[in-house]
Structures are given as C-alpha cells and as structure tokens.
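What follows is the content of target20.cif (mmCIF, C-alpha atoms).
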data_start
loop_
_atom_site.label_atom_id
_atom_site.label_comp_id
_atom_site.auth_asym_id
_atom_site.auth_seq_id
_atom_site.Cartn_x
_atom_site.Cartn_y
_atom_site.Cartn_z
CA MET A 247 -76.92 70.72 -9.26
CA ARG A 248 -79.33 68.69 -11.38
CA CYS A 249 -81.08 65.66 -9.88
CA GLU A 250 -79.31 63.32 -12.28
CA ILE A 251 -75.90 64.50 -11.13
CA ALA A 252 -77.03 64.44 -7.50
CA ARG A 253 -78.14 60.84 -7.88
CA ASP A 254 -74.80 59.89 -9.32
CA ARG A 255 -73.04 61.58 -6.40
CA ILE A 256 -75.32 59.84 -3.90
CA LEU A 257 -73.96 56.51 -5.09
CA GLU A 258 -70.49 57.35 -3.80
CA ALA A 259 -71.02 60.11 -1.26
CA ASP A 260 -69.79 60.01 2.27
CA PRO A 261 -72.67 59.30 4.68
CA ALA A 262 -72.12 62.71 6.29
CA GLU A 263 -72.85 64.39 2.96
CA LEU A 264 -76.08 62.44 2.65
CA GLY A 265 -77.18 63.94 5.93
CA TYR A 266 -77.45 67.29 4.07
CA GLU A 267 -76.48 69.20 7.19
CA VAL A 268 -72.93 69.64 5.94
CA ALA A 269 -71.86 72.28 3.46
CA GLY A 270 -71.37 71.30 -0.17
CA ASP A 271 -73.08 71.07 -3.55
CA LEU A 272 -74.75 67.75 -2.87
CA ALA A 273 -75.88 68.72 0.61
CA GLY A 274 -77.28 71.96 -0.79
CA HIS A 275 -79.23 70.07 -3.42
CA LEU A 276 -80.59 67.58 -0.90
CA GLU A 277 -81.83 70.39 1.27
CA GLY A 278 -84.01 71.72 -1.51
CA CYS A 279 -85.01 68.51 -3.34
CA GLY A 280 -87.44 66.21 -1.56
CA SER A 281 -87.03 63.34 -4.00
CA CYS A 282 -83.24 63.23 -3.78
CA ARG A 283 -83.43 63.67 -0.02
CA THR A 284 -85.71 60.63 0.27
CA LEU A 285 -83.28 58.67 -1.85
CA ALA A 286 -80.36 59.72 0.37
CA GLU A 287 -82.31 58.70 3.46
CA LEU A 288 -83.07 55.35 1.89
CA VAL A 289 -79.37 54.78 1.26
CA LEU A 290 -78.49 55.64 4.84
CA GLU A 291 -81.22 53.41 6.25
CA SER A 292 -80.13 50.56 4.02
CA GLU A 293 -76.59 50.79 5.30
CA GLN A 294 -77.85 50.76 8.85
CA ALA A 295 -79.86 47.67 8.01
CA LEU A 296 -76.74 46.05 6.58
CA ALA A 297 -74.77 46.88 9.72
CA GLY A 298 -77.51 45.31 11.84
CA ALA A 299 -77.62 42.20 9.68
CA ILE A 300 -73.85 41.70 9.93
CA ALA A 301 -73.99 42.22 13.69
CA ALA A 302 -76.64 39.50 13.84
CA LEU A 303 -74.20 37.08 12.21
CA GLU A 304 -71.63 37.67 14.93
CA HIS A 305 -72.63 34.84 17.20
CA ARG A 306 -69.10 34.88 18.50
CA LEU A 307 -66.99 32.15 19.80
CA ASP A 308 -66.70 32.38 23.57
CA VAL A 309 -63.38 34.04 24.43
CA ASP A 310 -62.76 31.83 27.48
CA ALA A 311 -63.33 28.67 25.49
CA ALA A 312 -61.04 29.95 22.74
CA LEU A 313 -58.28 30.84 25.20
CA ALA A 314 -58.56 27.44 26.85
CA ARG A 315 -57.58 25.89 23.51
CA VAL A 316 -54.43 27.97 23.26
CA PRO A 317 -51.59 25.94 24.76
CA ASN A 318 -49.88 27.15 27.91
CA GLY A 319 -46.22 28.06 28.12
CA GLN A 320 -43.85 27.82 25.20
CA GLY A 321 -44.96 24.33 24.28
CA TRP A 322 -45.29 25.27 20.64
CA ARG A 323 -42.20 24.85 18.58
CA SER A 324 -41.98 27.50 15.92
CA ARG A 325 -42.31 26.41 12.33
CA ARG A 326 -38.69 27.40 11.81
CA GLY A 327 -37.73 25.18 14.73
CA TRP A 328 -39.46 22.21 13.19
CA ARG A 329 -37.83 22.97 9.88
CA ARG A 330 -34.44 23.09 11.53
CA ALA A 331 -35.09 19.80 13.30
CA GLY A 332 -36.39 18.33 10.08
CA ILE A 333 -33.15 19.16 8.32
CA VAL A 334 -30.70 18.33 11.07
CA LEU A 335 -31.96 14.84 11.83
CA PRO A 336 -31.83 13.49 8.27
CA LEU A 337 -28.43 15.11 7.81
CA ALA A 338 -27.10 13.39 10.91
CA ALA A 339 -28.57 10.08 9.79
CA ALA A 340 -27.07 10.51 6.32
CA ALA A 341 -23.66 11.29 7.81
CA VAL A 342 -23.72 8.17 9.98
CA ALA A 343 -24.89 6.06 7.04
CA ALA A 344 -22.04 7.38 4.89
CA LEU A 345 -19.48 6.75 7.59
CA VAL A 346 -20.75 3.23 8.13
CA MET A 347 -19.10 2.34 4.85
CA LEU A 348 -15.72 3.69 5.92
CA LYS A 349 -12.94 2.15 7.90
CA PRO A 350 -9.98 4.14 9.23
CA PRO A 351 -6.53 2.71 9.87
CA GLY A 352 -5.99 1.21 13.33
CA ASP A 353 -7.05 -1.73 15.42
CA PRO A 354 -10.75 -2.56 15.46
CA GLY A 355 -12.51 -2.51 18.82
CA ARG A 356 -10.72 0.59 20.13
CA ALA A 357 -11.85 4.19 20.02
CA MET A 358 -9.23 6.64 18.82
CA ALA A 359 -9.08 10.36 19.46
CA PHE A 360 -7.02 12.57 17.19
CA ASP A 361 -5.36 15.89 17.59
CA PRO A 362 -7.91 18.43 16.26
CA SER A 363 -5.24 20.36 14.42
CA ALA A 364 -4.48 17.34 12.24
CA PRO A 365 -7.30 16.61 9.77
CA VAL A 366 -8.47 13.02 9.76
CA VAL A 367 -8.89 11.27 6.49
CA ALA A 368 -11.03 8.15 6.23
CA ARG A 369 -11.24 5.89 3.21
CA PRO A 370 -13.45 2.94 2.40
CA LEU A 371 -11.94 -0.51 2.66
CA GLY A 372 -9.73 -1.38 -0.24
CA TRP A 373 -9.46 2.28 -1.26
CA ASP A 374 -5.91 2.75 -2.40
CA GLN A 375 -6.26 6.15 -4.03
CA PRO A 376 -4.72 9.15 -2.27
CA ALA A 377 -7.85 11.31 -2.42
CA PRO A 378 -9.75 11.36 0.91
CA VAL A 379 -13.38 10.42 1.07
CA VAL A 380 -14.11 12.16 4.36
CA ARG A 381 -12.01 14.99 5.73
CA SER A 382 -12.66 16.44 9.17
CA PRO A 383 -13.35 20.16 9.52
CA ARG A 384 -10.33 22.15 10.64
CA ASP A 385 -9.96 22.33 14.44
CA ALA A 386 -12.77 19.83 15.00
CA SER A 387 -12.26 17.14 17.62
CA VAL A 388 -12.50 13.73 16.06
CA VAL A 389 -13.39 10.38 17.59
CA VAL A 390 -13.12 7.22 15.54
CA LEU A 391 -15.03 4.20 16.81
CA PRO A 392 -14.16 0.92 15.10
CA THR A 393 -16.83 -1.71 15.49
CA ASP A 394 -16.87 -5.51 15.53
CA ASN A 395 -17.82 -5.42 11.91
CA PRO A 396 -14.65 -4.70 9.98
CA ASP A 397 -16.65 -2.93 7.32
CA ILE A 398 -18.15 -0.46 9.81
CA THR A 399 -16.43 2.45 11.51
CA ILE A 400 -18.09 5.40 13.18
CA VAL A 401 -16.39 8.78 13.00
CA TRP A 402 -17.56 11.74 15.09
CA PHE A 403 -16.56 15.29 14.35
CA MET A 404 -17.18 17.67 17.26
CA ASN A 405 -16.86 21.44 17.32
CA MET B 159 -55.39 60.97 26.62
CA SER B 160 -57.96 59.66 24.11
CA GLU B 161 -59.59 56.27 24.43
CA GLU B 162 -57.78 55.10 21.32
CA ALA B 163 -54.41 56.19 22.70
CA ASP B 164 -55.18 54.42 25.99
CA HIS B 165 -56.03 51.32 24.03
CA MET B 166 -52.73 51.46 22.17
CA THR B 167 -50.72 52.05 25.32
CA LEU B 168 -52.39 49.15 27.05
CA THR B 169 -51.83 46.95 24.00
CA ASP B 170 -48.12 47.82 23.89
CA GLU B 171 -47.75 47.06 27.57
CA LEU B 172 -49.55 43.73 27.29
CA VAL B 173 -47.58 42.75 24.19
CA ARG B 174 -44.32 43.46 26.03
CA LYS B 175 -45.33 41.29 28.96
CA ALA B 176 -46.88 38.53 26.87
CA ARG B 177 -43.67 38.26 24.87
CA THR B 178 -41.85 37.30 28.05
CA GLY B 179 -44.28 34.40 28.54
CA ASP B 180 -46.73 36.16 30.89
CA ARG B 181 -49.87 34.12 30.29
CA GLN B 182 -52.12 36.57 32.09
CA ALA B 183 -50.93 39.42 29.89
CA PHE B 184 -51.47 37.27 26.81
CA GLU B 185 -55.05 36.54 27.83
CA ARG B 186 -55.78 40.20 28.53
CA LEU B 187 -54.29 41.11 25.18
CA ILE B 188 -56.52 38.61 23.43
CA ARG B 189 -59.62 39.76 25.30
CA LEU B 190 -58.85 43.31 24.24
CA HIS B 191 -58.72 42.39 20.55
CA PHE B 192 -61.00 39.36 20.38
CA GLY B 193 -64.03 41.21 18.99
CA ARG B 194 -61.98 42.74 16.21
CA ILE B 195 -60.37 39.47 15.21
CA HIS B 196 -63.76 37.79 15.05
CA ARG B 197 -65.30 40.61 13.04
CA TRP B 198 -62.42 40.58 10.54
CA ALA B 199 -62.78 36.83 10.28
CA LEU B 200 -66.51 37.16 9.64
CA ILE B 201 -66.04 39.83 7.00
CA GLY B 202 -63.32 37.74 5.37
CA THR B 203 -65.19 34.45 5.36
CA GLY B 204 -68.85 35.52 5.32
CA ASP B 205 -69.63 32.54 7.50
CA PRO B 206 -69.99 32.65 11.30
CA ASP B 207 -68.74 29.09 11.78
CA ASP B 208 -65.70 29.72 9.63
CA ALA B 209 -65.17 32.97 11.53
CA ASP B 210 -65.04 30.98 14.77
CA ASP B 211 -62.49 28.56 13.31
CA VAL B 212 -60.38 31.37 11.91
CA THR B 213 -60.46 33.23 15.22
CA GLN B 214 -59.33 30.15 17.12
CA ARG B 215 -56.49 29.54 14.69
CA VAL B 216 -55.42 33.18 14.91
CA LEU B 217 -55.22 32.97 18.69
CA ILE B 218 -52.95 29.94 18.47
CA LEU B 219 -50.75 31.64 15.88
CA VAL B 220 -50.52 34.84 17.91
CA HIS B 221 -49.40 32.81 20.90
CA ARG B 222 -46.87 30.97 18.81
CA LYS B 223 -45.49 33.98 16.93
CA LEU B 224 -45.70 36.77 19.43
CA HIS B 225 -41.99 36.51 20.14
CA SER B 226 -41.32 37.38 16.50
CA PHE B 227 -43.47 40.54 16.58
CA ARG B 228 -40.99 43.41 16.41
CA GLY B 229 -43.35 46.32 16.64
CA GLU B 230 -42.30 47.87 13.33
CA ALA B 231 -45.94 47.98 12.29
CA GLY B 232 -48.64 48.31 14.92
CA PHE B 233 -49.83 45.26 16.78
CA GLU B 234 -53.30 45.63 15.27
CA SER B 235 -51.86 45.57 11.73
CA TRP B 236 -49.85 42.48 12.61
CA LEU B 237 -52.96 40.83 14.00
CA TYR B 238 -54.92 41.81 10.92
CA ARG B 239 -52.33 40.28 8.61
CA ILE B 240 -52.42 37.01 10.54
CA THR B 241 -56.22 36.92 10.35
CA ARG B 242 -56.20 37.65 6.65
CA ASN B 243 -53.62 34.93 6.02
CA VAL B 244 -55.67 32.39 7.96
CA VAL B 245 -58.79 33.30 5.97
CA GLY B 246 -56.81 32.91 2.73
CA GLU B 247 -55.47 29.56 3.90
CA LEU B 248 -59.00 28.38 4.65
CA PHE B 249 -60.24 29.24 1.17
CA ARG B 250 -57.21 27.76 -0.53
CA LYS B 251 -57.94 24.48 1.22
CA ARG B 252 -61.66 24.51 0.63
CA LYS B 253 -61.85 26.29 -2.74
CA SER B 254 -65.36 27.50 -2.06
CA ARG B 255 -66.76 30.65 -0.65
CA THR B 256 -69.52 31.58 1.71
CA ARG B 257 -72.69 30.12 3.08
CA THR B 258 -73.73 33.48 4.48
CA MET B 259 -77.36 33.36 3.46
CA ASP B 260 -77.99 30.02 5.17
CA HIS B 261 -76.71 31.49 8.40
CA TYR B 262 -78.55 34.72 7.92
CA GLU B 263 -81.85 32.90 7.51
CA ALA B 264 -81.08 30.53 10.39
CA SER B 265 -80.19 33.40 12.70
CA GLY B 266 -83.84 34.49 12.79
CA VAL B 267 -82.99 38.03 11.73
CA GLU B 268 -85.22 37.76 8.73
CA ALA B 269 -88.17 36.73 10.88
CA LYS B 270 -87.57 39.72 13.14
CA MET B 271 -87.37 41.97 10.12
CA THR B 272 -90.66 40.67 8.77
CA GLU B 273 -92.21 41.34 12.15
CA ALA B 274 -90.81 44.85 12.05
CA GLU B 275 -92.25 45.36 8.59
CA GLU B 276 -95.64 46.11 10.04
CA LYS B 277 -94.36 48.87 12.27
CA GLY B 278 -93.47 51.61 9.83
CA PRO B 279 -91.79 52.65 6.59
CA THR B 280 -88.24 52.66 7.96
CA ASP B 281 -88.58 49.17 9.32
CA ARG B 282 -90.12 48.05 6.07
CA ILE B 283 -87.09 49.28 4.18
CA ALA B 284 -84.86 47.38 6.56
CA ALA B 285 -86.92 44.22 6.20
CA VAL B 286 -86.96 44.23 2.45
CA GLN B 287 -83.36 45.19 1.99
CA ALA B 288 -81.33 43.58 4.72
CA ALA B 289 -81.32 40.11 3.18
CA SER B 290 -80.54 41.41 -0.27
CA LEU B 291 -77.85 43.76 1.00
CA ILE B 292 -76.04 41.15 2.98
CA LYS B 293 -76.03 38.91 -0.05
CA THR B 294 -74.65 41.75 -2.15
CA PHE B 295 -72.08 42.57 0.51
CA PHE B 296 -70.66 39.07 0.77
CA GLU B 297 -71.13 37.89 -2.79
CA ALA B 298 -70.74 40.94 -5.02
CA LEU B 299 -67.95 42.77 -3.26
CA PRO B 300 -64.35 41.58 -3.54
CA THR B 301 -62.72 40.90 -0.17
CA ARG B 302 -60.72 44.12 -0.07
CA GLN B 303 -63.77 46.28 -0.80
CA ARG B 304 -65.70 44.39 1.84
CA GLU B 305 -62.97 44.98 4.41
CA VAL B 306 -62.69 48.67 3.65
CA PHE B 307 -66.44 49.22 3.55
CA ASP B 308 -66.91 47.44 6.87
CA LEU B 309 -64.11 49.30 8.62
CA VAL B 310 -64.94 52.77 7.33
CA GLU B 311 -68.64 52.76 6.64
CA LEU B 312 -70.03 50.31 9.14
CA GLN B 313 -67.53 50.61 11.97
CA GLY B 314 -66.77 54.29 11.56
CA ARG B 315 -62.98 54.04 11.35
CA LYS B 316 -61.09 56.86 9.66
CA PRO B 317 -59.89 56.03 6.12
CA GLY B 318 -56.33 57.05 7.10
CA ASP B 319 -56.31 54.59 10.01
CA VAL B 320 -57.75 51.90 7.80
CA ALA B 321 -55.01 52.50 5.22
CA GLU B 322 -52.41 52.00 7.93
CA LEU B 323 -54.15 48.92 9.28
CA LEU B 324 -54.40 47.28 5.88
CA GLY B 325 -50.99 48.44 4.70
CA LEU B 326 -52.50 50.33 1.75
CA GLU B 327 -52.19 53.82 0.37
CA ALA B 328 -54.95 56.17 1.54
CA SER B 329 -55.94 56.76 -2.09
CA THR B 330 -56.35 53.00 -2.61
CA VAL B 331 -58.61 52.78 0.42
CA ARG B 332 -60.69 55.57 -1.00
CA VAL B 333 -61.06 53.84 -4.35
CA HIS B 334 -62.14 50.58 -2.68
CA LEU B 335 -64.60 52.50 -0.55
CA LEU B 336 -66.17 54.33 -3.48
CA ARG B 337 -66.52 51.16 -5.50
CA ALA B 338 -68.09 49.30 -2.59
CA ARG B 339 -70.54 52.14 -1.94
CA ARG B 340 -71.51 52.26 -5.58
CA THR B 341 -72.14 48.51 -5.74
CA ILE B 342 -74.23 48.41 -2.58
CA ARG B 343 -76.17 51.60 -3.24
CA SER B 344 -76.88 50.60 -6.83
CA ARG B 345 -78.46 47.47 -5.44
CA VAL B 346 -80.58 49.59 -3.13
CA LEU B 347 -81.76 51.68 -6.05
CA GLU B 348 -82.54 48.61 -8.13
CA GLN B 349 -84.98 47.61 -5.44
CA HIS B 350 -86.72 50.96 -5.60
CA PRO B 351 -87.59 51.56 -9.24
CA GLU B 352 -89.88 54.41 -8.19
CA PHE B 353 -86.78 56.52 -7.63
CA ALA B 354 -85.41 55.65 -11.01
CA GLU B 355 -88.67 56.93 -12.50
CA ASP B 356 -88.13 60.29 -10.82
CA TYR B 357 -84.83 60.78 -12.59
CA ARG B 358 -85.98 59.94 -16.10
#

Could you write out this file's structure as structure tokens?
Amino acid sequence: MRCEIARDRILEADPAELGYEVAGDLAGHLEGCGSCRTLAELVLESEQALAGAIAALEHRLDVDAALARVPNGQGWRSRRGWRRAGIVLPLAAAAVAALVMLKPPGDPGRAMAFDPSAPVVARPLGWDQPAPVVRSPRDASVVVLPTDNPDITIVWFMN
Amino acid sequence: MSEEADHMTLTDELVRKARTGDRQAFERLIRLHFGRIHRWALIGTGDPDDADDVTQRVLILVHRKLHSFRGEAGFESWLYRITRNVVGELFRKRKSRTRTMDHYEASGVEAKMTEAEEKGPTDRIAAVQAASLIKTFFEALPTRQREVFDLVELQGRKPGDVAELLGLEASTVRVHLLRARRTIRSRVLEQHPEFAEDYR
C-alpha cells in the first residue's frame, strides 16, 4: 500500500485498524511506515482529546434535584386527555346554547321525561314546519326542562 | 449473564413496576438511565445548560408517557426518541444552535490543557487540538453524524446496537460514521501541515 492510499484510509479507518496490531492492508502498512504510523497515532490521540473535552462539558444536572421536579402520582393528564377535555367541554356548551333557543311542547316550569324508545323532536318557537331541529339519539333517555323564560328550554339526552 | 443483559433485565423489571405507578421503581429506572439521557442531550444541543433543561423535560415526559410504552422497541430506543424530540423542540423554538465554545472555555478545560502542554508531546497535541476538535464536532457535523460518532467512536458502542437504538439501517450508521470520521480527522490533519508535506 502506498502512503497516499494509506493516508486516505486513515481518514475513515476504524480505531482498531489504526492500532496496527490487527491484520489488514492498512495495519500492515502502518507497521512498516513510521510517518503513517505517527499520523495514525495523532488521529487516535486527537479523538481521545475530543472524548475528554466532551466529558468536561458534562457538568450534569443533579439526579435527585431532577427527580424532585417530576410530579408524584398520576397528577399529569396526558396530552390526549387534555385534548379530549378541550373538545368535550365546548361541545357541551354549544349543545346547551343551541337548545336554549328551543322550546318543546308542554307546560313551562315542569320537567318532562320521555320514553327512550320514542325520539323527541324539539322545534324553535313559532316553527311550524314538520322537519325537526333536534332529534334525540335512538334509545337515549331524554329530560326536557322548561324554564321561566318561555324562549328557553333545556333538553338533556342521556345514554 | 453479561452486564448489558443484566442492565436490560433490570430495566424491563423497573419499567413494568413503574408503569403501575410505583414511584420507587420509576426513580430507580431514571437513575439507571440518567447519564445516557444527559449525554444524548449534550450531544444533541452542544450546550450543557440546554442539556440540563432537555434532561429535565425528558424525565417529566417519561413519567407522563410511561403508561403508553408498549415495549415493541427497547426502552432505551424509546427514551432516545423522546430525548431527540425534546432537543428538536428546543431548537424549533429558539432557532439558534450551540454556545459550546463559551462553555468549553468557561469550564477551565482549556487552562488545564495549556498547563499540560508543557509536559510532553501527547499532551501538547491534546492541548492544541481539543478546542478545535470540539468546535468541529459541534459545528461541522450534522446532528446524526454527531450522535453516531459519539455512540460508536467515543462511547464504544457496537454499530449494530447503535443502528437499533437510532432506528436506522446498519449501513446508514456506517455511512454517518465514516463521514464524521473523515470530517474530524481532516481537521486534525489541517492542523499538522508537516504530515501533508510527507505525502506530497
């Protein structure tokens, strides 16, 4: 192996090969060529110096202090949990807001429970079209709560 | 049983217990892997303070997400992915890279190296090159090459294990490793023009 080729190999060689104790073309060359051997040693020493310099940067956070900042128990709600809560609450609020505009038939001031097998249809006041505005899910229990305000009725669907 | 196998068995056992809410097991698990997490964070960020922040965040995420760890990949790989994601998140927020050299100089290593310079040729090489090499390592190498070089070359892990840890093909790890070696060693040679003369 020529020195030029050896030098090129040194740039990518495994550190074990640079030790020239192992078998192989490069190792054989290093054994007989003082200049290339010095270069290989320089590379190895440089990498040791790099390892030492990186180790010196590891001033390490204290593990006890770090663990003390990790909450105990299952106090952390998972991100998915927050997402679920974030969706459910606005949906519930939107449902109530929509129902606020509806008034079912019946006397105000009295809660009414319906047979779950019969879908409940609620229409806004003055709605004289046959199409329902809100239809309960099949088999859901339904509670209708008229309020003092004739324009406001609360309807609960429960599974 | 090898030390590595013992380590894995202990990790599996601690993960199983920690998943049930056993705080003591969780803490032992973290102590077992703390050094690795911090080292990965340092290699990823190039900044010891950022490495501390990343490590802390990783611990909180591990605690929060441990119940979702299914064991399909190894725990160490899972931990590595979390660390890498936290490092990425940090840089996305900050949009700037490392302050490694400030820390390196402040750490007093350079002063020690200069002191060592007078002792002999090997120490002199270390003194002259350490600062330049660490700069090359953190600023010239892409993150992946830095990770692979650190794990294989500096920490002595097997390339096959590193491939598994990083979720890469073994051949990809090898390419990253060769490129990183070439970059760092070329820098070493640049600082020693007398060797270049020999090859002309």

Applied to the shown file, which residues does the PyMOL selection byres ((chain A) within 9 of (chain B)) return, written as an MDAnalysis selection string? chainID A and resid 249:250 253 256:261 281:282 284:285 288:289 291:307 309:310 312:313 315:324

Which residues are near Gly278 (chain A)? Cut-off 12 Å, only C-alpha atoms, ignore same chain within fewer than 5 positions. Put them as a VMD selection string. chain A and resid 247 to 249 252 266 to 267 271 to 273 283 to 284

Resulting file, chosen residues, C-alpha atoms, as a PDB file, keeping the file's coordinate frame:
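Written out: again07.pdb:
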ATOM      1  CA  MET A 247     -76.920  70.720  -9.260  1.00  0.00           C
ATOM      2  CA  ARG A 248     -79.330  68.690 -11.380  1.00  0.00           C
ATOM      3  CA  CYS A 249     -81.080  65.660  -9.880  1.00  0.00           C
ATOM      4  CA  ALA A 252     -77.030  64.440  -7.500  1.00  0.00           C
ATOM      5  CA  TYR A 266     -77.450  67.290   4.070  1.00  0.00           C
ATOM      6  CA  GLU A 267     -76.480  69.200   7.190  1.00  0.00           C
ATOM      7  CA  ASP A 271     -73.080  71.070  -3.550  1.00  0.00           C
ATOM      8  CA  LEU A 272     -74.750  67.750  -2.870  1.00  0.00           C
ATOM      9  CA  ALA A 273     -75.880  68.720   0.610  1.00  0.00           C
ATOM     10  CA  ARG A 283     -83.430  63.670  -0.020  1.00  0.00           C
ATOM     11  CA  THR A 284     -85.710  60.630   0.270  1.00  0.00           C
TER      12      THR A 284
END

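For the atom pair formed by CA of Leu324 (chain B) and CA of Val306 (chain B), the distance is 8.7 Å, given to one decimal.
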
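Here CA of Gln182 (chain B) stands at a distance of 24.2 Å from CA of Trp198 (chain B).
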
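Taking CA of Val389 (chain A) as the reference point, CA of Val401 (chain A) is found at 5.7 Å.
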
Mind listing as a PyMOL selection string all residues within 9 Å of (-67.0, 41.8, -0.7), counting all atoms listed in the file? chain B and resi 201-202+204+294-305+307+338

Going by the chain IDs and residue numbers used in this file, which residues fall under the PyMOL selection byres ((chain B and resi 173) around 10)? Write them as a PDB file with C-alpha atoms, in the coordinates of the input.
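Everything below was put into expr.pdb:
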ATOM      1  CA  THR B 167     -50.720  52.050  25.320  1.00  0.00           C
ATOM      2  CA  LEU B 168     -52.390  49.150  27.050  1.00  0.00           C
ATOM      3  CA  THR B 169     -51.830  46.950  24.000  1.00  0.00           C
ATOM      4  CA  ASP B 170     -48.120  47.820  23.890  1.00  0.00           C
ATOM      5  CA  GLU B 171     -47.750  47.060  27.570  1.00  0.00           C
ATOM      6  CA  LEU B 172     -49.550  43.730  27.290  1.00  0.00           C
ATOM      7  CA  ARG B 174     -44.320  43.460  26.030  1.00  0.00           C
ATOM      8  CA  LYS B 175     -45.330  41.290  28.960  1.00  0.00           C
ATOM      9  CA  ALA B 176     -46.880  38.530  26.870  1.00  0.00           C
ATOM     10  CA  ARG B 177     -43.670  38.260  24.870  1.00  0.00           C
ATOM     11  CA  THR B 178     -41.850  37.300  28.050  1.00  0.00           C
ATOM     12  CA  GLY B 179     -44.280  34.400  28.540  1.00  0.00           C
ATOM     13  CA  ASP B 180     -46.730  36.160  30.890  1.00  0.00           C
ATOM     14  CA  ALA B 183     -50.930  39.420  29.890  1.00  0.00           C
ATOM     15  CA  PHE B 184     -51.470  37.270  26.810  1.00  0.00           C
ATOM     16  CA  ARG B 186     -55.780  40.200  28.530  1.00  0.00           C
ATOM     17  CA  LEU B 187     -54.290  41.110  25.180  1.00  0.00           C
ATOM     18  CA  ILE B 188     -56.520  38.610  23.430  1.00  0.00           C
ATOM     19  CA  LEU B 224     -45.700  36.770  19.430  1.00  0.00           C
ATOM     20  CA  HIS B 225     -41.990  36.510  20.140  1.00  0.00           C
ATOM     21  CA  PHE B 227     -43.470  40.540  16.580  1.00  0.00           C
ATOM     22  CA  GLY B 229     -43.350  46.320  16.640  1.00  0.00           C
ATOM     23  CA  PHE B 233     -49.830  45.260  16.780  1.00  0.00           C
TER      24      PHE B 233
END

Could you pull region 383-402 of chain A out of the block above and give me N, CA and C atoms, as a PDB file, in the first residue's frame?
ATOM      1  N   PRO A 383     -80.991  10.916  20.091  1.00  0.00           N
ATOM      2  CA  PRO A 383     -80.449   9.636  19.619  1.00  0.00           C
ATOM      3  C   PRO A 383     -81.390   8.505  20.000  1.00  0.00           C
ATOM      4  N   ARG A 384     -81.422   7.464  19.188  1.00  0.00           N
ATOM      5  CA  ARG A 384     -82.277   6.323  19.482  1.00  0.00           C
ATOM      6  C   ARG A 384     -81.880   5.705  20.820  1.00  0.00           C
ATOM      7  N   ASP A 385     -82.876   5.345  21.599  1.00  0.00           N
ATOM      8  CA  ASP A 385     -82.699   4.695  22.906  1.00  0.00           C
ATOM      9  C   ASP A 385     -82.046   5.590  23.953  1.00  0.00           C
ATOM     10  N   ALA A 386     -81.915   6.873  23.691  1.00  0.00           N
ATOM     11  CA  ALA A 386     -81.369   7.757  24.722  1.00  0.00           C
ATOM     12  C   ALA A 386     -82.513   8.197  25.636  1.00  0.00           C
ATOM     13  N   SER A 387     -82.205   8.324  26.945  1.00  0.00           N
ATOM     14  CA  SER A 387     -83.181   8.892  27.853  1.00  0.00           C
ATOM     15  C   SER A 387     -83.181  10.404  27.645  1.00  0.00           C
ATOM     16  N   VAL A 388     -84.349  10.974  27.731  1.00  0.00           N
ATOM     17  CA  VAL A 388     -84.453  12.403  27.443  1.00  0.00           C
ATOM     18  C   VAL A 388     -85.157  13.113  28.596  1.00  0.00           C
ATOM     19  N   VAL A 389     -84.606  14.218  29.018  1.00  0.00           N
ATOM     20  CA  VAL A 389     -85.263  15.050  30.026  1.00  0.00           C
ATOM     21  C   VAL A 389     -85.401  16.449  29.429  1.00  0.00           C
ATOM     22  N   VAL A 390     -86.611  16.957  29.480  1.00  0.00           N
ATOM     23  CA  VAL A 390     -86.843  18.309  28.975  1.00  0.00           C
ATOM     24  C   VAL A 390     -87.150  19.203  30.169  1.00  0.00           C
ATOM     25  N   LEU A 391     -86.426  20.291  30.298  1.00  0.00           N
ATOM     26  CA  LEU A 391     -86.588  21.198  31.432  1.00  0.00           C
ATOM     27  C   LEU A 391     -87.032  22.564  30.933  1.00  0.00           C
ATOM     28  N   PRO A 392     -88.326  22.836  30.959  1.00  0.00           N
ATOM     29  CA  PRO A 392     -88.775  24.193  30.610  1.00  0.00           C
ATOM     30  C   PRO A 392     -88.283  25.169  31.682  1.00  0.00           C
ATOM     31  N   THR A 393     -88.076  26.364  31.304  1.00  0.00           N
ATOM     32  CA  THR A 393     -87.622  27.371  32.273  1.00  0.00           C
ATOM     33  C   THR A 393     -88.658  28.489  32.380  1.00  0.00           C
ATOM     34  N   ASP A 394     -88.397  29.436  33.275  1.00  0.00           N
ATOM     35  CA  ASP A 394     -89.323  30.562  33.427  1.00  0.00           C
ATOM     36  C   ASP A 394     -89.377  31.407  32.164  1.00  0.00           C
ATOM     37  N   ASN A 395     -88.296  31.390  31.459  1.00  0.00           N
ATOM     38  CA  ASN A 395     -88.270  32.145  30.204  1.00  0.00           C
ATOM     39  C   ASN A 395     -88.920  31.296  29.120  1.00  0.00           C
ATOM     40  N   PRO A 396     -89.975  31.745  28.551  1.00  0.00           N
ATOM     41  CA  PRO A 396     -90.669  30.910  27.553  1.00  0.00           C
ATOM     42  C   PRO A 396     -89.838  30.625  26.322  1.00  0.00           C
ATOM     43  N   ASP A 397     -88.808  31.411  26.119  1.00  0.00           N
ATOM     44  CA  ASP A 397     -87.952  31.182  24.947  1.00  0.00           C
ATOM     45  C   ASP A 397     -86.857  30.159  25.229  1.00  0.00           C
ATOM     46  N   ILE A 398     -86.728  29.729  26.504  1.00  0.00           N
ATOM     47  CA  ILE A 398     -85.608  28.851  26.857  1.00  0.00           C
ATOM     48  C   ILE A 398     -86.116  27.512  27.388  1.00  0.00           C
ATOM     49  N   THR A 399     -85.617  26.462  26.782  1.00  0.00           N
ATOM     50  CA  THR A 399     -85.896  25.103  27.261  1.00  0.00           C
ATOM     51  C   THR A 399     -84.599  24.321  27.215  1.00  0.00           C
ATOM     52  N   ILE A 400     -84.374  23.547  28.265  1.00  0.00           N
ATOM     53  CA  ILE A 400     -83.148  22.720  28.286  1.00  0.00           C
ATOM     54  C   ILE A 400     -83.535  21.272  28.049  1.00  0.00           C
ATOM     55  N   VAL A 401     -82.841  20.653  27.116  1.00  0.00           N
ATOM     56  CA  VAL A 401     -83.111  19.245  26.794  1.00  0.00           C
ATOM     57  C   VAL A 401     -81.833  18.444  27.046  1.00  0.00           C
ATOM     58  N   TRP A 402     -81.952  17.390  27.848  1.00  0.00           N
ATOM     59  CA  TRP A 402     -80.811  16.505  28.119  1.00  0.00           C
ATOM     60  C   TRP A 402     -81.051  15.169  27.429  1.00  0.00           C
TER      61      TRP A 402
END
